[in-house]
Structure formats: C-alpha cells, structure tokens
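Printed here is coords.txt (compact mmCIF, C-alpha atoms):
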# COMPACT_ATOMS: atom_id res chain seq x y z
CA ILE A 1 -2.86 -0.72 -28.47
CA MET A 2 -5.09 -0.59 -25.42
CA ALA A 3 -8.83 -0.97 -25.76
CA VAL A 4 -10.85 1.63 -23.87
CA VAL A 5 -14.12 0.32 -22.47
CA ARG A 6 -16.78 2.59 -20.97
CA LEU A 7 -18.21 0.95 -17.84
CA ASN A 8 -20.30 2.54 -15.08
CA GLY A 9 -19.35 6.00 -16.31
CA LEU A 10 -15.60 5.32 -16.38
CA ASP A 11 -13.16 4.68 -19.19
CA VAL A 12 -11.28 1.49 -18.37
CA GLN A 13 -8.14 0.74 -20.35
CA PHE A 14 -7.74 -2.94 -21.15
CA PRO A 15 -4.87 -4.62 -23.04
CA PHE A 16 -7.31 -6.02 -25.64
CA GLU A 17 -11.02 -6.00 -26.38
CA PRO A 18 -12.44 -7.69 -23.27
CA TYR A 19 -14.74 -10.68 -23.44
CA ASP A 20 -18.30 -10.29 -22.15
CA CYS A 21 -17.45 -12.06 -18.88
CA GLN A 22 -14.55 -9.65 -18.31
CA ARG A 23 -16.78 -6.63 -19.00
CA ASP A 24 -19.35 -7.99 -16.55
CA TYR A 25 -16.69 -8.63 -13.92
CA MET A 26 -15.22 -5.11 -14.28
CA GLY A 27 -18.73 -3.64 -14.16
CA LYS A 28 -19.45 -5.42 -10.87
CA VAL A 29 -16.10 -4.28 -9.41
CA LEU A 30 -16.88 -0.68 -10.34
CA GLN A 31 -20.42 -0.98 -8.99
CA CYS A 32 -19.04 -2.11 -5.62
CA LEU A 33 -16.57 0.77 -5.56
CA HIS A 34 -19.17 3.38 -6.54
CA GLU A 35 -21.68 2.06 -3.99
CA ARG A 36 -19.05 1.68 -1.26
CA LYS A 37 -19.94 -1.97 -0.83
CA ASN A 38 -17.95 -5.13 -0.41
CA GLY A 39 -18.22 -7.58 -3.25
CA VAL A 40 -17.73 -11.30 -3.55
CA LEU A 41 -17.08 -12.07 -7.19
CA GLU A 42 -16.14 -15.35 -8.76
CA SER A 43 -15.37 -16.60 -12.21
CA PRO A 44 -13.83 -19.82 -13.53
CA THR A 45 -10.08 -20.25 -13.87
CA GLY A 46 -8.66 -18.59 -16.96
CA THR A 47 -11.39 -15.98 -17.45
CA GLY A 48 -9.18 -12.98 -16.70
CA LYS A 49 -10.25 -12.17 -13.14
CA THR A 50 -6.91 -10.70 -12.11
CA LEU A 51 -6.57 -8.48 -15.17
CA SER A 52 -10.21 -7.37 -14.94
CA LEU A 53 -9.92 -6.56 -11.24
CA LEU A 54 -6.69 -4.61 -11.68
CA CYS A 55 -7.89 -2.57 -14.67
CA ALA A 56 -11.28 -1.70 -13.16
CA THR A 57 -9.87 -0.78 -9.76
CA LEU A 58 -7.00 1.27 -11.13
CA ALA A 59 -9.32 3.11 -13.54
CA TRP A 60 -11.57 3.97 -10.59
CA GLN A 61 -8.59 5.16 -8.53
CA GLN A 62 -7.27 7.24 -11.44
CA ASP A 63 -10.70 8.82 -11.95
CA LEU A 64 -11.01 9.63 -8.25
CA LEU A 65 -7.58 11.29 -8.25
CA ALA A 66 -8.52 13.38 -11.30
CA LYS A 67 -11.74 14.48 -9.58
CA ARG A 68 -9.87 15.48 -6.46
CA GLN A 69 -7.28 17.42 -8.44
CA ALA A 70 -10.11 19.22 -10.24
CA GLY A 71 -11.78 20.01 -6.91
CA VAL A 72 -14.92 17.96 -7.53
CA SER A 73 -16.94 17.47 -4.34
CA GLU A 74 -16.54 14.19 -2.54
CA ASP A 75 -20.00 14.39 -1.04
CA SER A 76 -21.46 12.39 -3.89
CA ALA A 77 -21.62 8.64 -3.54
CA GLU A 78 -19.87 8.28 -6.87
CA CYS A 79 -16.45 8.85 -5.33
CA GLY A 80 -16.71 5.41 -3.73
CA LEU A 81 -14.52 6.31 -0.78
CA THR A 82 -14.85 4.30 2.40
CA VAL A 83 -13.59 6.12 5.47
CA SER A 84 -13.11 4.48 8.83
CA SER A 85 -13.61 6.44 12.03
CA THR A 86 -9.87 6.44 12.71
CA ARG A 87 -8.73 7.74 9.34
CA SER A 88 -9.65 11.01 7.71
CA SER A 89 -10.58 11.20 4.04
CA HIS A 90 -9.00 14.64 4.00
CA THR A 91 -5.36 13.60 4.00
CA TRP A 92 -3.04 15.36 1.61
CA ASP A 93 -0.09 14.10 -0.34
CA GLY A 94 3.17 16.04 -0.62
CA ARG A 95 1.90 18.03 -3.62
CA GLY A 96 -1.15 19.48 -1.90
CA VAL A 97 -3.58 17.03 -3.52
CA ARG A 98 -5.95 14.90 -1.51
CA SER A 99 -4.73 11.35 -1.53
CA VAL A 100 -6.84 8.53 -2.91
CA PRO A 101 -7.53 5.19 -1.23
CA MET A 102 -4.67 2.75 -1.40
CA ILE A 103 -5.35 -0.44 -3.29
CA ILE A 104 -4.10 -3.56 -1.55
CA TYR A 105 -4.01 -6.74 -3.59
CA SER A 106 -3.39 -9.82 -1.51
CA SER A 107 -2.97 -13.42 -2.40
CA ARG A 108 -2.41 -16.70 -0.65
CA THR A 109 0.76 -17.58 -2.57
CA HIS A 110 3.76 -15.71 -3.92
CA SER A 111 3.27 -17.28 -7.35
CA GLN A 112 -0.20 -15.72 -7.50
CA LEU A 113 1.30 -12.34 -6.60
CA SER A 114 3.91 -12.79 -9.33
CA GLN A 115 1.13 -13.53 -11.79
CA ALA A 116 -0.71 -10.36 -10.75
CA ILE A 117 2.44 -8.27 -11.26
CA GLN A 118 2.90 -9.78 -14.73
CA GLU A 119 -0.73 -8.98 -15.55
CA LEU A 120 -0.22 -5.41 -14.32
CA LYS A 121 2.72 -4.98 -16.70
CA ASN A 122 0.36 -5.73 -19.60
CA THR A 123 -1.88 -2.78 -18.69
CA ALA A 124 -1.59 0.96 -19.26
CA TYR A 125 -1.64 1.53 -15.49
CA ARG A 126 1.60 2.14 -13.62
CA PRO A 127 0.82 2.45 -9.90
CA ARG A 128 3.49 2.37 -7.23
CA VAL A 129 3.79 -1.25 -6.14
CA SER A 130 5.21 -2.91 -3.04
CA ILE A 131 5.29 -6.65 -2.55
CA LEU A 132 5.09 -7.90 0.99
CA GLY A 133 5.94 -11.45 1.91
CA SER A 134 5.40 -13.75 4.83
CA ARG A 135 7.73 -14.38 7.74
CA ASP A 136 8.59 -17.66 6.05
CA GLN A 137 9.88 -15.71 3.05
CA LEU A 138 11.32 -12.62 4.73
CA CYS A 139 12.41 -13.26 8.33
CA ILE A 140 16.20 -13.35 8.52
CA HIS A 141 16.59 -14.21 12.20
CA PRO A 142 18.73 -17.38 12.29
CA GLN A 143 16.66 -19.10 14.99
CA VAL A 144 13.43 -18.45 13.11
CA MET A 145 14.90 -19.65 9.81
CA LYS A 146 15.83 -22.98 11.41
CA ALA A 147 12.25 -23.73 12.47
CA ALA A 148 10.81 -26.81 10.79
CA SER A 149 7.37 -25.50 9.83
CA ASN A 150 5.87 -22.22 8.73
CA THR A 151 3.58 -22.23 11.78
CA GLU A 152 6.58 -22.56 14.07
CA LYS A 153 8.33 -19.72 12.21
CA VAL A 154 5.31 -17.47 12.64
CA HIS A 155 5.11 -18.18 16.39
CA LEU A 156 8.86 -17.73 16.92
CA CYS A 157 8.93 -14.50 14.95
CA ARG A 158 5.92 -13.06 16.81
CA ALA A 159 7.39 -14.05 20.17
CA LYS A 160 10.72 -12.40 19.38
CA ILE A 161 9.03 -9.20 18.21
CA HIS A 162 6.70 -9.12 21.22
CA SER A 163 9.54 -9.66 23.69
CA ARG A 164 11.71 -7.18 21.76
CA SER A 165 14.42 -9.84 21.51
CA CYS A 166 14.81 -9.61 17.74
CA HIS A 167 17.59 -7.14 17.04
CA TYR A 168 16.71 -7.16 13.31
CA HIS A 169 13.19 -5.91 14.01
CA ASN A 170 14.32 -3.55 16.75
CA ASN A 171 16.88 -1.93 14.43
CA MET A 172 14.29 -1.62 11.68
CA GLU A 173 12.02 0.45 13.94
CA ARG A 174 14.61 3.22 14.30
Go through the file and emit its structure as structure tokens.
Amino acid sequence: IMAVVRLNGLDVQFPFEPYDCQRDYMGKVLQCLHERKNGVLESPTGTGKTLSLLCATLAWQQDLLAKRQAGVSEDSAECGLTVSSTRSSHTWDGRGVRSVPMIIYSSRTHSQLSQAIQELKNTAYRPRVSILGSRDQLCIHPQVMKAASNTEKVHLCRAKIHSRSCHYHNNMER
C-alpha cells in the first residue's frame, strides 16, 4: 500500500511512510520545480535520494498533466514549466493535450541507472522509460569496439559520425 504525502500542495505517492529527511528532500525538489529554479540537493548514501527524487518529480509531472487536461492556465508560476527560446510550451501530443516537460534522469554509471529503474518499479508511477547508454556500451562498429580505452572509442565514434563513414549510424538516420 502506497503512502500519500501532501507536500507543497501536491499529493506524492511513496512506497512507504517516508522518513523526515525524505520528506524534506521531496519538498525541496517540488519547491525547485514550482519556482522554476535549479536545485543542488545532497543527502548521505542510503537516505533514499533516488526514490524521493523520482516520486516528487513524477507527482509534479502528473499534476501538471492533469491541470493541462483540465484547461488550467499555465500563466501561474505554480506550473513550474521552464521554456527555452527555441521550444514552445504549447506543443500538443497526439491526443490533443498539451505535453508536459520530459523528465531526464542521468547517471554516471549504468549500475546507478539500473538502481533507479528498480526504485521506480517500487513506486505507483509508471512513466514511459528509455535507457540510453554510452558509445562504450552501444556502438557496434567493429573498429570502434576494438579501441583500447573508452576515450579512444568516443573519439573514433565521433570521427566516423562526423565524416559520415559509419554505415550503422548513416542507416539509422533514414
């Protein structure tokens, strides 16, 4: 049974009753989203940062989608939407509903990404998920795969793409 915690005006579903440090962390995440500000948050290892970040962010995204479907104005700062000059906030999905900001979770290692996916499975949230890997993990060009170091693989892969000499990448673009 999921615990529902009210934070910054939102109901956040959490797999269990969160500890105070997790509530505080989720509150700060939501504050940053509502105020359209970047946040630098830290907490010791094992305090539930990943789970707290995922639940708070996905609750915010879910709330924003519900507001858009209900036709609530986006002029208020509470929507928390950051729009760059090259991208319109008025994009529509295939169902005629304004789309919500995409959440991108990145990590330095694949094991950390795996941990985040496992944490996500413990929540009530079921967003569409794509896992992207590095050239070291994904490039299938034989010359690149033979390179001794990751740095060399990155440079070889970039050079082949730039010179359009990688038939794998060229075929993918079609």
Within 10 Å of (-12.5, 2.4, -13.4), in the coordinates the file gives, what residues turn up when you count only C-alpha atoms, written out as an mmCIF file with C-alpha atoms, keeping the file's coordinate frame?
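The resulting file, result_18.cif, is reproduced below:
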data_model
loop_
_atom_site.group_PDB
_atom_site.id
_atom_site.type_symbol
_atom_site.label_atom_id
_atom_site.label_comp_id
_atom_site.auth_asym_id
_atom_site.auth_seq_id
_atom_site.Cartn_x
_atom_site.Cartn_y
_atom_site.Cartn_z
ATOM 1 C CA VAL A 5 -14.120 0.320 -22.470
ATOM 2 C CA ARG A 6 -16.780 2.590 -20.970
ATOM 3 C CA LEU A 7 -18.210 0.950 -17.840
ATOM 4 C CA ASN A 8 -20.300 2.540 -15.080
ATOM 5 C CA GLY A 9 -19.350 6.000 -16.310
ATOM 6 C CA LEU A 10 -15.600 5.320 -16.380
ATOM 7 C CA ASP A 11 -13.160 4.680 -19.190
ATOM 8 C CA VAL A 12 -11.280 1.490 -18.370
ATOM 9 C CA GLN A 13 -8.140 0.740 -20.350
ATOM 10 C CA MET A 26 -15.220 -5.110 -14.280
ATOM 11 C CA GLY A 27 -18.730 -3.640 -14.160
ATOM 12 C CA VAL A 29 -16.100 -4.280 -9.410
ATOM 13 C CA LEU A 30 -16.880 -0.680 -10.340
ATOM 14 C CA GLN A 31 -20.420 -0.980 -8.990
ATOM 15 C CA LEU A 33 -16.570 0.770 -5.560
ATOM 16 C CA HIS A 34 -19.170 3.380 -6.540
ATOM 17 C CA LEU A 53 -9.920 -6.560 -11.240
ATOM 18 C CA LEU A 54 -6.690 -4.610 -11.680
ATOM 19 C CA CYS A 55 -7.890 -2.570 -14.670
ATOM 20 C CA ALA A 56 -11.280 -1.700 -13.160
ATOM 21 C CA THR A 57 -9.870 -0.780 -9.760
ATOM 22 C CA LEU A 58 -7.000 1.270 -11.130
ATOM 23 C CA ALA A 59 -9.320 3.110 -13.540
ATOM 24 C CA TRP A 60 -11.570 3.970 -10.590
ATOM 25 C CA GLN A 61 -8.590 5.160 -8.530
ATOM 26 C CA GLN A 62 -7.270 7.240 -11.440
ATOM 27 C CA ASP A 63 -10.700 8.820 -11.950
ATOM 28 C CA LEU A 64 -11.010 9.630 -8.250
#
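Across the structure, CA of Tyr105 in chain A and CA of Gly46 in chain A are spaced 18.5 Å apart.
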If I wrap all listed atoms of range 147-152 of chain A in a box with edges along x, y and z and add 5 Å on each side, what are its centre and edge lengths in Å to one decimal, as AutoDock Vina command-line options?
--center_x 7.9 --center_y -24.5 --center_z 11.4 --size_x 18.7 --size_y 14.6 --size_z 15.3
- Task: Rounded to one decimal place, report the CA of His110 in chain A-CA of Ser130 in chain A distance in Å.
- Result: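 We find that CA of His110 in chain A and CA of Ser130 in chain A lie 12.9 Å from each other.
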- Query: CA of Ile117 in chain A and CA of Ile140 in chain A, how far apart in Å?
  - Reply: 24.6 Å
- Query: Between A:Ala116, A:Ala124, A:Ile161, A:Leu156, which has the minimum distance to Val4 in chain A (counting only C-alpha atoms)?
  - Reply: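 Among A:Ala116, A:Ala124, A:Ile161, A:Leu156, it is A:Ala124 that comes nearest to Val4 in chain A.
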- Message: So that I can check the surroundings of Tyr19 in chain A, please list as a ChimeraX atom specification every protein, DNA and RNA residue that reaches within 12 Å of it, counting only C-alpha atoms and ignoring chain neighbours fewer than 4 positions away.
- Response: /A:3,5,14-15,23-26,46-49,51-52
